[in-house]
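Worksheet: one structure, shown below.
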Amino acid sequence: MLEAVDLVKRYPVRGTDAVVHALNGVSFTLAPGETLGIVGESGCGKSTLARVLVRLEDPTSGRVLLDGVDLTALRGRALRAHRRHIQMVFQDPFSSLDPRQSVGAALDEVLAVHGLRRPGRVEELLDLVGLPAEFARRLPHEMSGGQRQRVGIARALAPEPRVLLLDEPVSALDVSVRAEVMNLLAHLRDELGLAQVFISHDMAMVRQISDRVAVMYFGRVVEEGGWREVLTDPLHPYTAGLRAAVPVPDPTVAQPLTPTVVGEVPDPVRPPAGCPFHPRCPVAEDVCRAELPPLAEIRTGRRAACHVAARSEAVR
Amino acid sequence: MSAPVLEVHDLAVGTRDLEIVHGVDLVLRRGETVGVVGESGSGKSVTMLALMRLLGEPLRITRGSVRFCGRDLATLPEPQMRALRGREIAMVYQDPMTSLHPLIRVGDQVAEVMRVHGVDAREARERTLELFARVGIPDPGRTVRAYPHEFSGGMRQRVVIAMALALRPTLLIADEPTTALDVTIQQQILGLVAELQRELGMTTIWVTHDLGVVARLVERVVVMYGGHVVEDAPVRQIFAAPQHPYTARLLASLPNPADDARPPLAQIPGRPPLPTERVEGCPFRPRCLQARDVCAQRPPLQERGAGRAACWVPAEEWT
């Protein structure tokens, strides 16, 4: 239903010829009712990807297709009509709400913009996210973090989208309220058949909700596949290192304190030659320093962009 | 067991008419690593600032004592407190820019910490180079001359750690030092501090909301909720047999990485009390499934297994 095709985004660095390589060719597909988890660290391009998908920004090249319609080619009224199908939920619900506007007024405004106003719709939306109707009169500061994020989700649902884009939706929340928002997202997917893109640096939350997982590094998807396969038996050395770096909340599990991924993300103005992960990779070879590995299906239903993994899979 | 480095007794923090930390008890022995866990508004950061006597107006210590190596920090005159900060107790914050001056070269800032405490200029310079190498900043001869903005977040935090360790403090207080960092960088920093701690025999307090960090790093866990210590126990007991219902519910709300069925997460209805809210009795009572009439009175920390918990209802009687 939703398809990203070879999305590239470059930003010029003001006053120089230099270019920031934010997205370097991202492709994926998303089916109705499916949740794609996108995991990666800062600078991997996951937030740029979200902005391009909702057309807050235009890609430098590449396309975003919704049911075969190229959203990146649409302008004006046609764009507005299609835009409502992909809605975004932000990390910090407080900063995305007007402090002086009641919840009801905020939802009503979105409904009006899309011509979807009808009696009782605000209460319906609140009910959908598990809030009582009286919340329509509340102001943002009169709610807890979890309740504000529920309102953020209700607002994203108001235009009746088919895809929800969730950019770190629980990262700013206290541990004890994360569970309720995660459960709500799973419920909405199952009840409404919504497709979701769940973007997060938190592997535990990505594991909890995703059907498929894409791992991003340096503006590219480096591994993609079913959640269980990617997270328990990673093919790409970055996925493996990232997974081992996440502290497990269980003191009986022996956990390495020696770094599993050394060094830092390369400078996006000067991408390294070959595989962008090679300067930090424990298994890099000469070919990795020279040639960019393509994201290829190296095991059934599993894609990875790694020369070494591709070779060892071929031997298997 | 070695002598306590730090003994906090009934420490309360507040303004003139509002108390936000309600009598914290905490004992740290030499070389021990303790995690202080809590959500926003639990009072964990304010308690740490109180230990360092760095509370901003209008907050102040309203009650209690903080004995550190034989002195009461709650009443120590400010000049002596200043001499002690950095030298005997050092602190690392979540945002390294809290501790770094944006317009001074990073090497000079580390050297300055030593200069203030009487190390001569040449030795301070040499030790700065050693410290940079020790905390894993590449090419110290060149990087000491960099400004903070030329560094990544992870490298800045390494500079702050170098500053904190410059005078080999007895006690290191690390307040969410890796929360703003990526997990691969967090892993590097956690490993670094664990190693330095072993090497220097430092006593360390880790303040965090991340139970994974706690499980990986600390020996003992202090759980705070609503400005109270609600549980204080060895890390294995905290995870295997929590003795306070809040600790138990918090752990239960985490996804279980071993369960492929991925059932819905256990929710804790309600929210933590705001610092401005006065809850009578146990602060967790409004959200607690085990609450009874007796919980209208504030429960003291009492012995539970190898630790202590502030709950009237023993875990064996929970439903």
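By convention in this document, the chains of the structure tokens carry letters A, B, ... by their order, each chain's residues are numbered from 1, and ligands are numbered from 1 in the order they are shown.
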Using only C-alpha atoms, find which residues of chain B lie within 8 Å of chain A and jot them down as JSON, numbers by chain.
{"B": [39, 40, 182, 183, 184, 185, 186, 187, 188, 190, 191, 209, 211, 212, 213, 214, 215, 216, 235, 236, 239, 250, 253, 254, 255, 257, 260, 262, 264, 265, 266, 267, 268, 271]}
What does the file look like for those residues with C-alpha atoms, as an mmCIF file, in the first residue's frame?
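This went into part02.cif:
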data_model
loop_
_atom_site.group_PDB
_atom_site.id
_atom_site.type_symbol
_atom_site.label_atom_id
_atom_site.label_comp_id
_atom_site.auth_asym_id
_atom_site.auth_seq_id
_atom_site.Cartn_x
_atom_site.Cartn_y
_atom_site.Cartn_z
ATOM 1 C CA GLU B 39 10.565 8.665 37.126
ATOM 2 C CA SER B 40 10.266 12.401 36.562
ATOM 3 C CA ASP B 182 23.063 6.700 21.428
ATOM 4 C CA VAL B 183 23.152 3.146 22.787
ATOM 5 C CA THR B 184 26.461 2.287 21.148
ATOM 6 C CA ILE B 185 28.020 5.416 22.693
ATOM 7 C CA GLN B 186 26.231 4.720 25.986
ATOM 8 C CA GLN B 187 27.808 1.267 26.042
ATOM 9 C CA GLN B 188 31.256 2.811 25.502
ATOM 10 C CA LEU B 190 29.289 2.747 30.776
ATOM 11 C CA GLY B 191 32.240 0.444 30.131
ATOM 12 C CA HIS B 209 15.346 5.876 34.797
ATOM 13 C CA LEU B 211 16.407 -0.301 34.394
ATOM 14 C CA GLY B 212 18.683 -1.887 31.795
ATOM 15 C CA VAL B 213 21.556 0.390 32.802
ATOM 16 C CA VAL B 214 20.870 -0.473 36.437
ATOM 17 C CA ALA B 215 20.920 -4.228 35.776
ATOM 18 C CA ARG B 216 24.148 -3.946 33.837
ATOM 19 C CA VAL B 235 20.132 -5.479 42.406
ATOM 20 C CA ARG B 236 19.333 -9.181 42.087
ATOM 21 C CA PHE B 239 14.651 -7.745 39.830
ATOM 22 C CA LEU B 250 7.475 -0.932 37.052
ATOM 23 C CA SER B 253 5.501 -2.992 32.602
ATOM 24 C CA LEU B 254 8.714 -3.667 30.669
ATOM 25 C CA PRO B 255 8.510 -5.862 27.583
ATOM 26 C CA PRO B 257 12.656 -9.890 25.634
ATOM 27 C CA ASP B 260 7.882 -14.174 21.526
ATOM 28 C CA ARG B 262 4.553 -10.289 22.908
ATOM 29 C CA PRO B 264 0.143 -6.445 25.901
ATOM 30 C CA LEU B 265 2.352 -4.671 28.429
ATOM 31 C CA ALA B 266 1.168 -4.476 32.027
ATOM 32 C CA GLN B 267 -0.079 -0.944 32.654
ATOM 33 C CA ILE B 268 0.056 1.089 35.846
ATOM 34 C CA ARG B 271 0.400 8.844 37.134
#
List the neighbours of B:Val37 out to 8 Å using only C-alpha atoms; skip same-chain residues closer than 2 positions along the sequence, and give me the result as a list in words.
Gly35, Glu39, Lys44, Val207, Thr208, His209, Asp210, Leu211, Val221, Val222, Val223 and Met224 of chain B
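Within 10 Å of stretch 14-23 of chain A there are Asp6, Leu7, Val8, Lys9, Arg10, Gly43, Cys44, Gly45, Lys46, Ser47, Thr48, Leu49, Val52, Pro59, Thr60, Ser61, Met216, Tyr217, Phe218, Gly219, Arg220, Val221, Asp267, Pro268, Val269, Arg270 and Pro271 of chain A, counting only C-alpha atoms and ignoring same-chain residues fewer than 4 positions away.
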Take the residues from that selection and write them out as a PDB file, in the first residue's frame, keeping C-alpha atoms.
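The resulting file, part31.pdb, is shown below:
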ATOM      1  CA  ASP A   6      15.073   4.833  -3.421  1.00  0.00           C
ATOM      2  CA  LEU A   7      14.566   7.982  -1.339  1.00  0.00           C
ATOM      3  CA  VAL A   8      17.533  10.337  -1.320  1.00  0.00           C
ATOM      4  CA  LYS A   9      17.766  13.559   0.653  1.00  0.00           C
ATOM      5  CA  ARG A  10      20.736  15.893   0.528  1.00  0.00           C
ATOM      6  CA  GLY A  43      22.241  10.657  12.291  1.00  0.00           C
ATOM      7  CA  CYS A  44      20.926   7.486  10.673  1.00  0.00           C
ATOM      8  CA  GLY A  45      18.293   9.469   8.778  1.00  0.00           C
ATOM      9  CA  LYS A  46      15.187   8.066  10.469  1.00  0.00           C
ATOM     10  CA  SER A  47      13.715  11.484  11.286  1.00  0.00           C
ATOM     11  CA  THR A  48      14.493  12.836   7.807  1.00  0.00           C
ATOM     12  CA  LEU A  49      12.741   9.784   6.409  1.00  0.00           C
ATOM     13  CA  VAL A  52       9.928  13.088   3.650  1.00  0.00           C
ATOM     14  CA  PRO A  59      13.155  14.200  -1.338  1.00  0.00           C
ATOM     15  CA  THR A  60      16.135  15.092  -3.538  1.00  0.00           C
ATOM     16  CA  SER A  61      15.199  12.035  -5.569  1.00  0.00           C
ATOM     17  CA  MET A 216      19.021   2.194   9.411  1.00  0.00           C
ATOM     18  CA  TYR A 217      22.602   3.374   9.432  1.00  0.00           C
ATOM     19  CA  PHE A 218      24.001   6.483   7.797  1.00  0.00           C
ATOM     20  CA  GLY A 219      20.956   7.226   5.669  1.00  0.00           C
ATOM     21  CA  ARG A 220      20.459   3.672   4.436  1.00  0.00           C
ATOM     22  CA  VAL A 221      18.514   0.589   5.406  1.00  0.00           C
ATOM     23  CA  ASP A 267      30.636  12.780   9.146  1.00  0.00           C
ATOM     24  CA  PRO A 268      27.596  13.004   6.824  1.00  0.00           C
ATOM     25  CA  VAL A 269      29.381  15.673   4.776  1.00  0.00           C
ATOM     26  CA  ARG A 270      32.226  13.236   3.991  1.00  0.00           C
ATOM     27  CA  PRO A 271      30.783   9.723   3.645  1.00  0.00           C
TER      28      PRO A 271
END
A:Val122 surroundings by only C-alpha atoms, 12 Å radius, close-in-sequence under 5 positions cut, as an MDAnalysis selection string:
chainID A and resid 102:112 116:117 127:129 131:137 151 154:155 157:159
In Å to one decimal, how far is atom CA of A:Val26 from atom CA of A:Val213?
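Spanning atom CA of A:Val213 to atom CA of A:Val26 is a straight-line distance of 13.7 Å.
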Quick one: pull the distance between atom CA of B:Val230 and atom CA of B:Pro275, Å, one decimal.
15.9 Å
If you run DSSP over the backbone, which residues in stretch 212-310 of chain A end up strand (DSSP E)? Put them as JSON, numbers by chain.
{"A": [212, 213, 214, 215, 216, 217, 220, 221, 222, 223, 224, 225, 226, 296, 297, 298, 299, 302, 303, 304]}
Residues of the last selection are to be written out with C-alpha atoms, as a PDB file, in the first residue's frame.
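This is the output file result-v7.pdb:
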ATOM      1  CA  ARG A 212       8.919  -6.244  10.264  1.00  0.00           C
ATOM      2  CA  VAL A 213      12.013  -4.322  11.305  1.00  0.00           C
ATOM      3  CA  ALA A 214      14.311  -2.131   9.212  1.00  0.00           C
ATOM      4  CA  VAL A 215      17.656  -1.121  10.690  1.00  0.00           C
ATOM      5  CA  MET A 216      19.021   2.194   9.411  1.00  0.00           C
ATOM      6  CA  TYR A 217      22.602   3.374   9.432  1.00  0.00           C
ATOM      7  CA  ARG A 220      20.459   3.672   4.436  1.00  0.00           C
ATOM      8  CA  VAL A 221      18.514   0.589   5.406  1.00  0.00           C
ATOM      9  CA  VAL A 222      21.260  -1.929   6.206  1.00  0.00           C
ATOM     10  CA  GLU A 223      19.007  -4.801   7.242  1.00  0.00           C
ATOM     11  CA  GLU A 224      15.324  -5.610   6.930  1.00  0.00           C
ATOM     12  CA  GLY A 225      13.123  -8.596   7.679  1.00  0.00           C
ATOM     13  CA  GLY A 226      10.644 -10.171  10.112  1.00  0.00           C
ATOM     14  CA  ALA A 296      19.910  -7.552  -1.264  1.00  0.00           C
ATOM     15  CA  GLU A 297      17.812 -10.542  -0.294  1.00  0.00           C
ATOM     16  CA  ILE A 298      20.563 -12.812   0.995  1.00  0.00           C
ATOM     17  CA  ARG A 299      18.240 -15.203   2.838  1.00  0.00           C
ATOM     18  CA  ARG A 302      15.709 -11.170   4.676  1.00  0.00           C
ATOM     19  CA  ARG A 303      17.559  -8.273   3.160  1.00  0.00           C
ATOM     20  CA  ALA A 304      20.956  -7.028   4.282  1.00  0.00           C
TER      21      ALA A 304
END
Could you tell me how far atom CA of B:Val193 lies from atom CA of B:Gly23, in Å and to one decimal?
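Interatomic distance, atom CA of B:Val193 to atom CA of B:Gly23: 29.6 Å.
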How would you write, as a VMD selection string, the set of residues in stretch 46-120 of chain A that DSSP gives as alpha helix (DSSP H)?
chain A and resid 46 to 53 76 to 83 103 to 113
What would the file look like if the residues just selected were written as a PDB file, in the first residue's frame with C-alpha atoms?
ATOM      1  CA  LYS A  46      15.187   8.066  10.469  1.00  0.00           C
ATOM      2  CA  SER A  47      13.715  11.484  11.286  1.00  0.00           C
ATOM      3  CA  THR A  48      14.493  12.836   7.807  1.00  0.00           C
ATOM      4  CA  LEU A  49      12.741   9.784   6.409  1.00  0.00           C
ATOM      5  CA  ALA A  50       9.634  10.565   8.481  1.00  0.00           C
ATOM      6  CA  ARG A  51       9.611  14.172   7.272  1.00  0.00           C
ATOM      7  CA  VAL A  52       9.928  13.088   3.650  1.00  0.00           C
ATOM      8  CA  LEU A  53       7.171  10.474   4.010  1.00  0.00           C
ATOM      9  CA  GLY A  76      -1.697  21.839  -4.415  1.00  0.00           C
ATOM     10  CA  ARG A  77      -5.154  20.407  -3.863  1.00  0.00           C
ATOM     11  CA  ALA A  78      -4.277  16.888  -4.997  1.00  0.00           C
ATOM     12  CA  LEU A  79      -1.411  16.817  -2.491  1.00  0.00           C
ATOM     13  CA  ARG A  80      -3.662  18.043   0.339  1.00  0.00           C
ATOM     14  CA  ALA A  81      -6.255  15.403  -0.479  1.00  0.00           C
ATOM     15  CA  HIS A  82      -3.674  12.626  -0.331  1.00  0.00           C
ATOM     16  CA  ARG A  83      -1.696  13.980   2.568  1.00  0.00           C
ATOM     17  CA  VAL A 103      -8.316  19.221  23.445  1.00  0.00           C
ATOM     18  CA  GLY A 104     -11.768  19.455  21.851  1.00  0.00           C
ATOM     19  CA  ALA A 105     -10.894  22.645  19.984  1.00  0.00           C
ATOM     20  CA  ALA A 106      -7.621  21.156  18.746  1.00  0.00           C
ATOM     21  CA  LEU A 107      -9.367  18.063  17.387  1.00  0.00           C
ATOM     22  CA  ASP A 108     -12.207  20.123  15.912  1.00  0.00           C
ATOM     23  CA  GLU A 109      -9.689  22.289  14.070  1.00  0.00           C
ATOM     24  CA  VAL A 110      -8.125  19.273  12.371  1.00  0.00           C
ATOM     25  CA  LEU A 111     -11.572  17.918  11.454  1.00  0.00           C
ATOM     26  CA  ALA A 112     -12.548  21.291   9.969  1.00  0.00           C
ATOM     27  CA  VAL A 113      -9.388  21.513   7.844  1.00  0.00           C
TER      28      VAL A 113
END
As a PyMOL selection string, please: the residues near stretch 140-151 of chain B (cut-off 10 Å, only C-alpha atoms, same-chain neighbours under 6 positions excluded).
chain B and resi 96-97+100-111+125+128-134+157-159
Which residue out of A:Leu2, A:Val197, A:Ala172, A:Leu74 has the minimum interatomic distance to A:Met88 when only C-alpha atoms are used?
A:Val197
As a PyMOL selection string, please: the residues near B:Cys69 (cut-off 10 Å, only C-alpha atoms, same-chain neighbours under 4 positions excluded).
chain B and resi 3-7+73+88+170
Do a neighbour search on B:Leu274 at 9 Å with only C-alpha atoms, toss out local chain neighbours closer than 2 positions, and write the hits as an MDAnalysis selection string.
chainID B and resid 40:42 226 271:272 276:278
Can you work out which one of B:Pro245, B:Asp72, B:Gly153, B:Arg30 has the shortest atom-to-atom distance to B:Gly201, counting only C-alpha atoms?
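The answer is B:Arg30, which sits nearest to B:Gly201.
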